[in-house]
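Raw final.cif, mmCIF, C-alpha atoms:
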data_target
loop_
_atom_site.label_atom_id
_atom_site.label_comp_id
_atom_site.auth_asym_id
_atom_site.auth_seq_id
_atom_site.Cartn_x
_atom_site.Cartn_y
_atom_site.Cartn_z
CA MET D 16 -7.55 9.71 -21.42
CA THR D 17 -6.21 10.96 -24.76
CA ASP D 18 -4.60 14.05 -23.19
CA LYS D 19 -2.90 11.94 -20.60
CA ARG D 20 -1.85 9.44 -23.25
CA THR D 21 0.18 12.15 -24.92
CA LYS D 22 1.24 13.96 -21.77
CA TYR D 23 2.58 10.85 -20.00
CA GLN D 24 4.44 9.50 -23.04
CA LYS D 25 7.63 11.14 -21.81
CA VAL D 26 7.94 11.72 -18.08
CA ALA D 27 10.60 12.68 -15.55
CA TYR D 28 11.46 9.50 -13.68
CA TYR D 29 12.04 9.75 -9.94
CA PRO D 30 13.21 6.34 -8.70
CA GLY D 31 13.93 7.45 -5.13
CA CYS D 32 16.22 5.72 -2.62
CA ALA D 33 14.41 2.37 -2.51
CA LEU D 34 14.53 1.72 -6.24
CA ASP D 35 18.19 2.69 -6.16
CA GLY D 36 18.87 0.15 -3.39
CA THR D 37 16.67 -2.59 -2.00
CA ALA D 38 14.19 -2.47 -4.88
CA THR D 39 16.46 -2.62 -7.91
CA ALA D 40 14.12 -5.26 -9.34
CA TYR D 41 11.30 -2.71 -9.36
CA ASP D 42 13.55 -0.13 -11.03
CA ARG D 43 14.81 -2.63 -13.60
CA SER D 44 11.33 -3.90 -14.44
CA THR D 45 9.81 -0.40 -14.61
CA ARG D 46 12.46 0.72 -17.10
CA ALA D 47 12.16 -2.51 -19.10
CA VAL D 48 8.38 -2.31 -19.32
CA GLY D 49 8.55 1.35 -20.32
CA LYS D 50 11.00 0.51 -23.08
CA ALA D 51 8.91 -2.41 -24.29
CA LEU D 52 5.85 -0.17 -24.42
CA GLY D 53 7.67 2.64 -26.22
CA LEU D 54 7.41 5.09 -23.32
CA ASP D 55 10.18 7.54 -22.41
CA LEU D 56 11.68 7.91 -18.96
CA VAL D 57 14.07 10.78 -18.30
CA ASP D 58 15.78 10.46 -14.92
CA VAL D 59 15.43 13.47 -12.62
CA LYS D 60 18.91 14.98 -12.41
CA ASP D 61 20.68 14.96 -9.07
CA TRP D 62 17.56 13.84 -7.25
CA ASN D 63 17.39 13.66 -3.47
CA CYS D 64 15.44 11.75 -0.83
CA CYS D 65 11.73 12.69 -0.77
CA GLY D 66 11.84 12.99 3.01
CA ALA D 67 10.24 9.58 3.42
CA MET D 68 9.11 8.85 6.98
CA GLU D 69 12.39 9.65 8.69
CA VAL D 70 12.55 13.36 7.90
CA LYS D 71 8.78 13.81 8.02
CA ASN D 72 8.67 12.47 11.57
CA ILE D 73 11.11 15.12 12.71
CA ASP D 74 10.02 18.10 10.62
CA GLU D 75 7.24 17.94 8.04
CA LYS D 76 8.28 21.23 6.44
CA ILE D 77 11.73 19.84 5.64
CA GLN D 78 10.05 16.87 3.97
CA THR D 79 7.95 19.30 1.94
CA TYR D 80 11.09 21.13 0.88
CA LEU D 81 12.95 17.92 -0.08
CA SER D 82 10.05 16.76 -2.23
CA SER D 83 9.65 20.22 -3.73
CA ARG D 84 13.32 20.21 -4.79
CA VAL D 85 12.74 17.08 -6.88
CA MET D 86 9.73 18.70 -8.54
CA SER D 87 11.65 21.96 -9.03
CA ILE D 88 14.50 20.23 -10.86
CA ALA D 89 12.05 18.40 -13.10
CA ALA D 90 10.15 21.60 -13.92
CA ASN D 91 12.81 24.27 -13.95
CA GLU D 92 15.96 22.44 -15.01
CA MET D 93 14.51 19.71 -17.22
CA ASP D 94 11.41 21.47 -18.53
CA MET D 95 9.23 18.47 -17.66
CA ASP D 96 5.62 18.71 -16.53
CA VAL D 97 5.10 15.17 -15.21
CA VAL D 98 7.10 13.33 -12.54
CA MET D 99 6.55 9.59 -12.34
CA ALA D 100 7.39 7.95 -9.00
CA PRO D 101 6.89 4.16 -8.75
CA CYS D 102 7.61 4.14 -5.00
CA ASN D 103 4.49 4.69 -2.90
CA GLY D 104 6.48 6.63 -0.31
CA CYS D 105 7.92 9.04 -2.90
CA TYR D 106 4.61 9.30 -4.74
CA HIS D 107 2.80 10.05 -1.48
CA ASN D 108 5.37 12.62 -0.34
CA LEU D 109 5.45 14.53 -3.61
CA LYS D 110 1.65 14.62 -3.60
CA LYS D 111 1.67 15.78 0.02
CA ALA D 112 4.22 18.50 -0.76
CA GLU D 113 2.06 19.71 -3.65
CA TYR D 114 -0.98 19.85 -1.35
CA ASP D 115 0.90 21.63 1.45
CA LEU D 116 2.40 24.20 -0.90
CA LYS D 117 -1.03 24.94 -2.29
CA ASN D 118 -2.74 25.21 1.07
CA ASP D 119 -0.21 26.23 3.69
CA GLU D 120 1.53 29.61 3.74
CA LYS D 121 4.15 28.46 6.27
CA SER D 122 5.18 25.59 3.96
CA ARG D 123 5.61 28.06 1.10
CA GLU D 124 7.77 30.30 3.29
CA VAL D 125 10.02 27.43 4.40
CA VAL D 126 10.37 26.04 0.87
CA ASN D 127 11.16 29.48 -0.53
CA LYS D 128 13.81 30.11 2.14
CA LEU D 129 15.48 26.71 1.80
CA SER D 130 15.40 26.77 -2.00
CA GLY D 131 17.18 30.13 -1.91
CA LYS D 132 19.81 28.79 0.47
CA ALA D 133 20.31 25.70 -1.69
CA GLY D 134 20.61 27.88 -4.77
CA HIS D 135 17.81 26.55 -6.95
CA THR D 136 14.54 27.94 -8.24
CA THR D 137 11.66 27.62 -5.80
CA TYR D 138 9.05 25.11 -6.90
CA GLN D 139 5.70 26.72 -7.64
CA THR D 140 2.59 24.67 -7.08
CA GLY D 141 1.13 23.21 -10.28
CA GLN D 142 4.40 23.20 -12.22
CA VAL D 143 4.43 19.42 -12.39
CA GLU D 144 1.94 16.62 -12.00
CA THR D 145 3.11 13.67 -9.92
CA ILE D 146 1.89 10.26 -11.07
CA HIS D 147 2.48 6.65 -10.06
CA ALA D 148 3.81 3.94 -12.37
CA LEU D 149 0.26 2.54 -12.42
CA ASP D 150 -1.13 5.83 -13.80
CA TRP D 151 1.71 6.01 -16.30
CA ILE D 152 1.06 2.62 -17.90
CA ARG D 153 -2.72 2.70 -17.57
CA ASP D 154 -3.18 6.18 -18.99
CA THR D 155 -0.76 5.83 -21.90
CA ILE D 156 -1.20 2.26 -23.07
CA GLY D 157 -4.46 1.36 -21.35
CA GLU D 158 -5.89 -2.08 -20.73
CA GLU D 159 -6.85 -2.60 -24.35
CA GLY D 160 -3.47 -1.52 -25.67
CA LEU D 161 -1.71 -3.70 -23.15
CA GLY D 162 -3.87 -6.69 -24.02
CA LYS D 163 -2.88 -6.32 -27.67
CA ARG D 164 0.82 -6.30 -26.78
CA VAL D 165 0.72 -9.41 -24.57
CA LYS D 166 2.96 -12.18 -25.92
CA ASN D 167 2.94 -14.45 -22.92
CA SER D 168 -0.45 -14.31 -21.21
CA LEU D 169 -0.63 -14.51 -17.43
CA LYS D 170 -3.58 -16.84 -17.97
CA GLY D 171 -4.14 -19.12 -15.04
CA LEU D 172 -2.17 -16.96 -12.64
CA LYS D 173 -4.28 -16.05 -9.60
CA ILE D 174 -3.24 -12.73 -8.19
CA ALA D 175 -3.97 -10.81 -4.99
CA ASN D 176 -3.25 -7.16 -5.75
CA TYR D 177 -1.68 -5.44 -2.78
CA TYR D 178 -1.50 -1.64 -2.91
CA GLY D 179 -0.32 -0.89 0.62
CA CYS D 180 -1.30 2.07 2.75
CA MET D 181 0.31 5.10 1.10
CA TYR D 182 -1.02 4.86 -2.44
CA THR D 183 -4.46 6.13 -1.45
CA ARG D 184 -4.05 7.80 1.93
CA PRO D 185 -4.81 10.42 3.04
CA ARG D 186 -7.50 11.02 0.45
CA HIS D 187 -7.19 14.81 0.34
CA ILE D 188 -3.71 14.75 -1.24
CA PHE D 189 -5.04 12.77 -4.22
CA PRO D 190 -7.69 15.08 -5.72
CA GLU D 191 -7.67 13.17 -9.02
CA LYS D 192 -8.83 9.96 -7.36
CA ASP D 193 -12.50 9.08 -6.67
CA GLN D 194 -13.60 11.08 -9.71
CA GLY D 195 -15.79 8.47 -11.34
CA PRO D 196 -15.39 5.09 -13.00
CA SER D 197 -12.25 5.87 -15.01
CA SER D 198 -10.36 7.25 -12.01
CA GLU D 199 -8.66 5.38 -9.22
CA SER D 200 -10.63 4.60 -6.06
CA THR D 201 -9.15 5.33 -2.65
CA SER D 202 -11.29 2.77 -0.86
CA LYS D 203 -11.04 0.00 -3.45
CA PRO D 204 -8.10 0.72 -5.78
CA HIS D 205 -8.22 -1.21 -9.03
CA PHE D 206 -5.59 0.13 -11.49
CA MET D 207 -3.19 -2.75 -10.81
CA ASP D 208 -6.07 -5.24 -10.99
CA ASP D 209 -7.11 -3.76 -14.36
CA LEU D 210 -3.62 -3.94 -15.89
CA LEU D 211 -2.90 -7.47 -14.73
CA ALA D 212 -6.32 -8.65 -15.88
CA ALA D 213 -5.55 -7.16 -19.29
CA ALA D 214 -2.36 -9.25 -19.25
CA GLY D 215 -4.46 -12.37 -18.70
CA ALA D 216 -4.29 -12.84 -14.92
CA VAL D 217 -7.20 -13.71 -12.67
CA ASN D 218 -7.56 -11.28 -9.78
CA VAL D 219 -8.87 -12.78 -6.56
CA GLU D 220 -11.11 -10.96 -4.07
CA PHE D 221 -8.63 -9.57 -1.57
CA PRO D 222 -10.01 -7.54 1.34
CA LEU D 223 -6.61 -6.41 2.66
CA LYS D 224 -5.40 -4.67 -0.51
CA THR D 225 -4.75 -1.36 1.26
CA ALA D 226 -3.97 -2.74 4.72
CA CYS D 227 -0.81 -1.67 6.55
CA CYS D 228 2.15 -4.04 6.04
CA GLY D 229 3.83 -2.88 9.25
CA GLY D 230 6.77 -1.47 7.31
CA ALA D 231 7.51 1.24 9.84
CA HIS D 232 7.54 -1.29 12.68
CA THR D 233 10.26 -3.39 11.05
CA LEU D 234 13.08 -2.09 13.21
CA SER D 235 11.24 -1.13 16.40
CA ASP D 236 8.99 -4.20 16.66
CA SER D 237 9.86 -6.87 14.13
CA ASP D 238 7.37 -9.37 15.52
CA MET D 239 4.50 -6.93 14.89
CA SER D 240 5.63 -6.50 11.27
CA THR D 241 5.93 -10.24 10.84
CA LYS D 242 2.44 -10.82 12.24
CA LEU D 243 0.91 -8.14 9.99
CA VAL D 244 2.67 -9.54 6.91
CA LEU D 245 1.81 -13.13 7.80
CA ASN D 246 -1.83 -12.14 8.11
CA ILE D 247 -1.80 -10.42 4.69
CA ILE D 248 -0.14 -13.47 3.13
CA ARG D 249 -2.61 -15.85 4.78
CA ALA D 250 -5.50 -13.74 3.50
CA ALA D 251 -4.06 -13.83 -0.03
CA GLU D 252 -3.67 -17.61 0.17
CA ALA D 253 -7.17 -18.01 1.62
CA ALA D 254 -8.45 -16.00 -1.35
CA GLY D 255 -6.79 -18.55 -3.64
CA ALA D 256 -3.86 -16.44 -4.85
CA ASP D 257 -0.61 -17.88 -6.24
CA VAL D 258 0.99 -14.45 -6.30
CA ILE D 259 0.77 -11.19 -4.40
CA ALA D 260 1.42 -8.38 -6.87
CA THR D 261 3.04 -5.31 -5.34
CA GLU D 262 3.57 -1.71 -6.36
CA CYS D 263 5.41 -0.38 -3.29
CA PRO D 264 9.06 -1.23 -2.56
CA THR D 265 8.60 -1.02 1.20
CA CYS D 266 5.63 -3.38 1.15
CA HIS D 267 7.39 -5.69 -1.27
CA SER D 268 10.57 -5.99 0.83
CA GLY D 269 8.50 -6.38 3.98
CA LEU D 270 6.35 -9.12 2.50
CA GLU D 271 9.36 -11.03 1.19
CA MET D 272 11.49 -10.72 4.31
CA HIS D 273 8.75 -11.32 6.85
CA GLN D 274 7.44 -14.28 4.88
CA ILE D 275 10.79 -15.91 5.59
CA ARG D 276 10.87 -14.60 9.16
CA ALA D 277 7.33 -15.89 9.85
CA GLU D 278 8.51 -19.39 9.08
CA LYS D 279 11.59 -19.10 11.27
CA ARG D 280 9.98 -17.21 14.15
CA PHE D 281 6.47 -18.67 14.22
CA GLY D 282 6.83 -21.84 12.17
CA ALA D 283 4.24 -20.49 9.72
CA GLU D 284 5.06 -21.71 6.22
CA THR D 285 3.38 -19.95 3.31
CA LYS D 286 3.85 -20.47 -0.40
CA VAL D 287 2.45 -17.41 -2.19
CA LYS D 288 4.98 -15.57 -4.38
CA ILE D 289 5.66 -11.85 -4.01
CA ILE D 290 6.25 -10.19 -7.39
CA TYR D 291 6.20 -6.55 -8.53
CA PHE D 292 3.37 -5.77 -10.96
CA THR D 293 5.96 -4.39 -13.39
CA GLN D 294 7.77 -7.74 -13.33
CA LEU D 295 4.52 -9.54 -14.13
CA LEU D 296 3.69 -7.11 -16.93
CA GLY D 297 7.22 -7.48 -18.31
CA LEU D 298 6.89 -11.26 -18.42
CA ALA D 299 3.51 -10.89 -20.13
CA LEU D 300 5.12 -8.62 -22.71
CA GLY D 301 7.58 -11.41 -23.48
CA LEU D 302 10.58 -10.11 -21.53
CA LYS D 303 12.96 -12.65 -19.99
CA PRO D 304 12.92 -13.05 -16.18
CA LYS D 305 16.40 -11.53 -15.86
CA LYS D 306 15.30 -8.44 -17.81
CA VAL D 307 12.68 -7.75 -15.15
CA GLY D 308 14.91 -8.63 -12.20
CA ILE D 309 13.22 -11.81 -11.01
CA HIS D 310 16.68 -12.93 -9.83
CA GLU D 311 16.88 -9.81 -7.65
CA ASN D 312 13.82 -10.67 -5.56
CA ILE D 313 14.61 -12.19 -2.18
CA SER D 314 12.42 -15.23 -2.60
CA ASP D 315 12.90 -17.50 -5.57
CA SER D 316 9.91 -17.46 -7.87
CA LEU D 317 11.71 -18.64 -11.01
CA SER D 318 10.69 -22.28 -10.79
CA PHE D 319 7.11 -21.24 -10.07
CA LEU D 320 7.11 -18.98 -13.14
CA LYS D 321 8.58 -21.81 -15.23
CA GLU D 322 5.79 -24.09 -14.04
CA LYS D 323 3.29 -21.49 -15.18
CA GLY D 324 4.97 -21.22 -18.57
CA LEU D 325 6.01 -17.62 -18.05
CA THR D 326 9.73 -17.91 -18.72
CA MET M 24 -13.00 -6.69 28.15
CA ARG M 25 -10.18 -8.88 26.83
CA SER M 26 -6.55 -7.76 26.70
CA LEU M 27 -4.74 -7.29 23.38
CA ALA M 28 -2.85 -10.52 23.98
CA GLU M 29 -6.06 -12.42 24.69
CA LEU M 30 -7.68 -11.11 21.52
CA GLU M 31 -4.59 -12.05 19.49
CA THR M 32 -4.45 -15.52 21.00
CA ARG M 33 -8.14 -16.14 20.39
CA LEU M 34 -7.91 -15.09 16.74
CA GLU M 35 -4.70 -17.03 16.11
CA SER M 36 -6.32 -20.19 17.46
CA ILE M 37 -9.21 -19.73 15.01
CA ILE M 38 -6.84 -18.99 12.10
CA VAL M 39 -4.63 -22.03 12.59
CA GLY M 40 -7.74 -24.17 13.00
CA GLU M 41 -7.19 -25.70 16.40
CA GLY M 42 -10.74 -26.97 16.36
CA GLU M 43 -11.94 -23.53 17.38
CA LYS M 44 -15.31 -22.41 16.10
CA THR M 45 -16.27 -18.82 15.64
CA SER M 46 -19.13 -16.75 14.30
CA ALA M 47 -19.57 -13.46 12.46
CA GLY M 48 -21.00 -12.01 15.67
CA GLU M 49 -17.96 -12.96 17.72
CA LEU M 50 -15.59 -11.49 15.15
CA LEU M 51 -17.52 -8.23 14.95
CA LYS M 52 -17.36 -8.05 18.76
CA CYS M 53 -13.56 -8.57 18.63
CA GLY M 54 -13.36 -5.61 16.25
CA GLU M 55 -15.41 -3.46 18.61
CA GLU M 56 -13.28 -4.49 21.57
CA ILE M 57 -10.01 -3.44 19.97
CA LEU M 58 -11.49 -0.08 18.96
CA GLU M 59 -12.78 0.41 22.51
CA ARG M 60 -9.24 -0.23 23.76
CA TRP M 61 -7.88 2.43 21.41
CA ILE M 62 -10.45 5.02 22.50
CA GLU M 63 -9.83 4.28 26.16
CA ALA M 64 -6.07 4.55 25.63
CA LYS M 65 -6.80 8.07 24.35
CA GLU M 66 -8.85 8.69 27.50
CA GLY M 67 -12.20 8.67 25.73
CA ASN M 68 -15.47 6.87 26.49
CA PRO M 69 -16.31 4.38 23.76
CA THR M 70 -19.60 5.29 22.13
CA THR M 71 -22.60 2.97 22.20
CA ASP M 72 -24.02 4.70 19.10
CA LYS M 73 -24.22 3.06 15.71
CA TYR M 74 -23.20 4.42 12.33
CA GLU M 75 -24.80 2.90 9.24
CA GLY M 76 -26.24 0.29 11.58
CA PHE M 77 -22.93 -0.76 13.16
CA ARG M 78 -21.30 0.22 16.44
CA LEU M 79 -17.95 -0.81 14.93
CA LEU M 80 -18.19 2.00 12.37
CA ALA M 81 -19.24 4.53 15.01
CA LEU M 82 -16.25 3.51 17.15
CA GLN M 83 -13.90 3.87 14.18
CA ARG M 84 -15.19 7.39 13.51
CA GLN M 85 -14.81 8.24 17.18
CA GLY M 86 -11.27 6.83 17.22
CA ALA M 87 -10.26 8.96 14.24
CA ARG M 88 -11.56 12.19 15.77
CA GLY M 89 -8.49 14.37 16.34
CA ASP M 90 -6.22 11.68 14.92
CA ALA M 91 -6.71 11.36 11.17
CA SER M 92 -4.08 8.61 10.95
CA PHE M 93 -6.64 6.29 12.53
CA ASN M 94 -8.59 6.46 9.29
CA ALA M 95 -6.00 4.00 7.98
CA CYS M 96 -8.21 1.26 9.48
CA ARG M 97 -11.49 2.60 8.05
CA GLU M 98 -11.44 0.23 5.06
CA THR M 99 -10.59 -2.72 7.33
CA CYS M 100 -13.64 -1.93 9.49
CA ARG M 101 -15.80 -1.63 6.39
CA GLU M 102 -14.50 -5.00 5.13
CA LEU M 103 -15.43 -6.49 8.49
CA VAL M 104 -18.97 -5.14 8.19
CA TYR M 105 -19.15 -6.34 4.58
CA HIS M 106 -18.19 -9.88 5.61
CA PHE M 107 -20.65 -9.75 8.53
CA ASN M 108 -23.43 -8.82 6.11
CA LEU M 109 -22.42 -11.56 3.68
CA LEU M 110 -22.44 -14.17 6.42
CA SER M 111 -25.78 -12.95 7.73
CA ASN M 112 -27.31 -13.86 4.39
CA MET M 113 -25.62 -17.22 3.87
CA ASN M 114 -26.73 -20.72 4.66
CA SER M 115 -24.63 -21.67 7.69
CA ASN M 116 -23.78 -25.10 6.21
CA SER M 117 -22.48 -23.91 2.86
CA LYS M 118 -18.84 -24.08 1.78
CA ASP M 119 -18.94 -20.35 1.09
CA THR M 120 -19.72 -19.72 4.75
CA THR M 121 -16.53 -21.46 5.84
CA SER M 122 -14.32 -19.49 3.47
CA CYS M 123 -16.10 -16.22 4.23
CA LEU M 124 -15.71 -16.78 7.95
CA GLN M 125 -12.04 -17.61 7.43
CA MET M 126 -11.54 -14.33 5.55
CA MET M 127 -13.48 -12.37 8.16
CA THR M 128 -11.21 -13.83 10.85
CA LEU M 129 -8.11 -12.65 8.95
CA VAL M 130 -9.61 -9.17 8.46
CA THR M 131 -10.43 -9.00 12.18
CA ASN M 132 -6.91 -10.15 12.99
CA HIS M 133 -5.47 -7.36 10.86
CA LEU M 134 -7.56 -4.80 12.74
CA VAL M 135 -6.42 -6.18 16.09
CA LEU M 136 -2.74 -6.19 15.06
CA PHE M 137 -2.89 -2.75 13.47
CA VAL M 138 -4.66 -1.05 16.37
CA GLY M 139 -2.54 -2.99 18.86
CA GLY M 140 0.57 -1.64 17.12
CA LYS M 141 -0.76 1.90 17.33
CA ILE M 142 -1.58 1.55 21.00
CA GLN M 143 1.94 0.26 21.64
CA GLN M 144 3.44 3.29 19.99
CA ALA M 145 1.18 5.57 22.06
CA GLY M 146 1.48 9.18 21.06
CA LEU M 147 1.80 8.31 17.41
CA GLY M 148 3.16 10.11 14.40
CA GLU M 149 1.72 11.70 11.33
CA PHE M 150 1.01 8.45 9.55
CA CYS M 151 -0.01 4.97 10.47
CA CYS M 152 3.02 3.44 12.11
CA SER M 153 5.51 6.27 12.52
CA ALA M 154 7.31 7.04 15.72
CA LYS M 155 7.40 10.83 15.99
CA PRO M 156 7.35 10.93 19.81
CA LEU M 157 10.46 8.77 19.97
CA HIS M 158 12.36 11.10 17.66
CA GLU M 159 11.16 14.16 19.53
CA LYS M 160 12.57 12.76 22.76
CA GLU M 161 15.93 12.29 21.06
CA LEU M 162 16.13 15.91 19.88
#
Kindly return the structure encoded in the file as structure tokens.
Amino acid sequence: MTDKRTKYQKVAYYPGCALDGTATAYDRSTRAVGKALGLDLVDVKDWNCCGAMEVKNIDEKIQTYLSSRVMSIAANEMDMDVVMAPCNGCYHNLKKAEYDLKNDEKSREVVNKLSGKAGHTTYQTGQVETIHALDWIRDTIGEEGLGKRVKNSLKGLKIANYYGCMYTRPRHIFPEKDQGPSSESTSKPHFMDDLLAAAGAVNVEFPLKTACCGGAHTLSDSDMSTKLVLNIIRAAEAAGADVIATECPTCHSGLEMHQIRAEKRFGAETKVKIIYFTQLLGLALGLKPKKVGIHENISDSLSFLKEKGLT
Amino acid sequence: MRSLAELETRLESIIVGEGEKTSAGELLKCGEEILERWIEAKEGNPTTDKYEGFRLLALQRQGARGDASFNACRETCRELVYHFNLLSNMNSNSKDTTSCLQMMTLVTNHLVLFVGGKIQQAGLGEFCCSAKPLHEKEL
């Protein structure tokens, strides 16, 4: 813990396309929370898409290269040894690239060739460690440290923590997980639960915390996405949650948009609020709603937060 | 065996509470049925074996053989078994039973929707819901 506390104090920040577009609230709140906690974020220079699903579906090796370029810039041009990616898609893809480069000769060949063509140093496995925003806050500040900094407790807020599908899957690309009580679990993740509990919230038992949100179906079969989201929301409400806390921009957008669509398409009205965990932590640290981008969420949770005394 | 649509309709009627009653046994059977559908869609014969005492878990392992992306529903299946075990040890008239059954229905519904989505996409991509075959046809 102590090593990580020092190591993660200053990290290369890779926001990725989502946090630069549809998830500006996540970007804003991540930066604000980092600042409030005295942590340093240095943006990766001239970053590119991680390869997300689109490129990976066509050619996995190209995705590996794209992710490796981000890590190469951080390591070789910025002299950083940790890349922090709050987006589950980016986090997953950088981890996958690291795994592939370590274990697959063909991936190394492709990355070497494309890096040469693009005119940058080839990324060498192990040069950087990729972490999620959850690791960053938990391993630097910790639950105890966070608890001491809370100015506006989330007391009374019942939260269903929703991690989505890419934060823990597939297990083999996350060798640091499932390594005992202080590490993250791939079957029952708890880092977000731990941080929000330290901020005063009550976490409800939520069996669908790593279930698929149907994000990739959004364009090809919107009804399927809406049904999957509606089911997740219903489960959160059945568990007694006021809020679903998110840590993935794709899941977050999907939950917000399909919550509205579920009402229009299927007449299914639900009330639970969808809020990024960084927004909740920011509010607990005494930041104003605008500072953490509450106004940038699709659904309006401001009056709810006022009711709860969090603004 | 029921169709995907029939399974969905049955579960939705339980969820919205149209006076429909269910049981842990029925929900576990729904889970097995959807996994059987997946295995048959991949031209396999659904196993009758059990894993850790449950056919559902054996079917999930069989479904993931040769298609690791199917492991994305492993935790959902385990949650289903967990709720089945909880309900097996509860007094059927308690308030906890009602809420546990409600949650088990929603977990089952997720499994049915998720696997149904994968069957629809037939061929499948590298991860849970991707559409690699569609892109390959375009190239």
I need the output of the PyMOL selection byres ((chain D and resi 297-309) around 6) for this file as a PyMOL selection string; which residues are they?
chain D and resi 40+43-44+48+165-168+293-296+310-312
Evaluate the PyMOL selection byres ((chain D) within 9 of (chain M)) and report residues as a ChimeraX atom specification:
/D:68-69,71-73,75,180,184-185,202-203,222-223,225-227,229-232,236,239,242-243,246-247,249-250,253-254
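Of the residues listed (D:Met95, D:Ala256, D:Ala212, D:Val126), D:Ala256 shows the shortest atom-to-atom separation from Lys173 in chain D; distances use only C-alpha atoms.
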Let me know the residues the PyMOL selection byres ((chain M and resi 27) around 12) catches in the file above, as an MDAnalysis selection string.
chainID M and resid 24:26 28:34 53:54 56:61 132 134:143
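Note that CA of His147 in chain D and CA of Pro101 in chain D are 5.2 Å apart.
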Dig up all the protein and nucleic acid residues within 6 Å of (-0.2, -7.0, 2.4) in the file frame, using only C-alpha atoms, and format them as a list of chain:residue names.
D:Tyr177, D:Cys228, D:Val244, D:Ile247
Distance CA of Ser83 in chain D-CA of Asp58 in chain D, one decimal place?
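CA of Asp58 in chain D lies 16.1 Å from CA of Ser83 in chain D.
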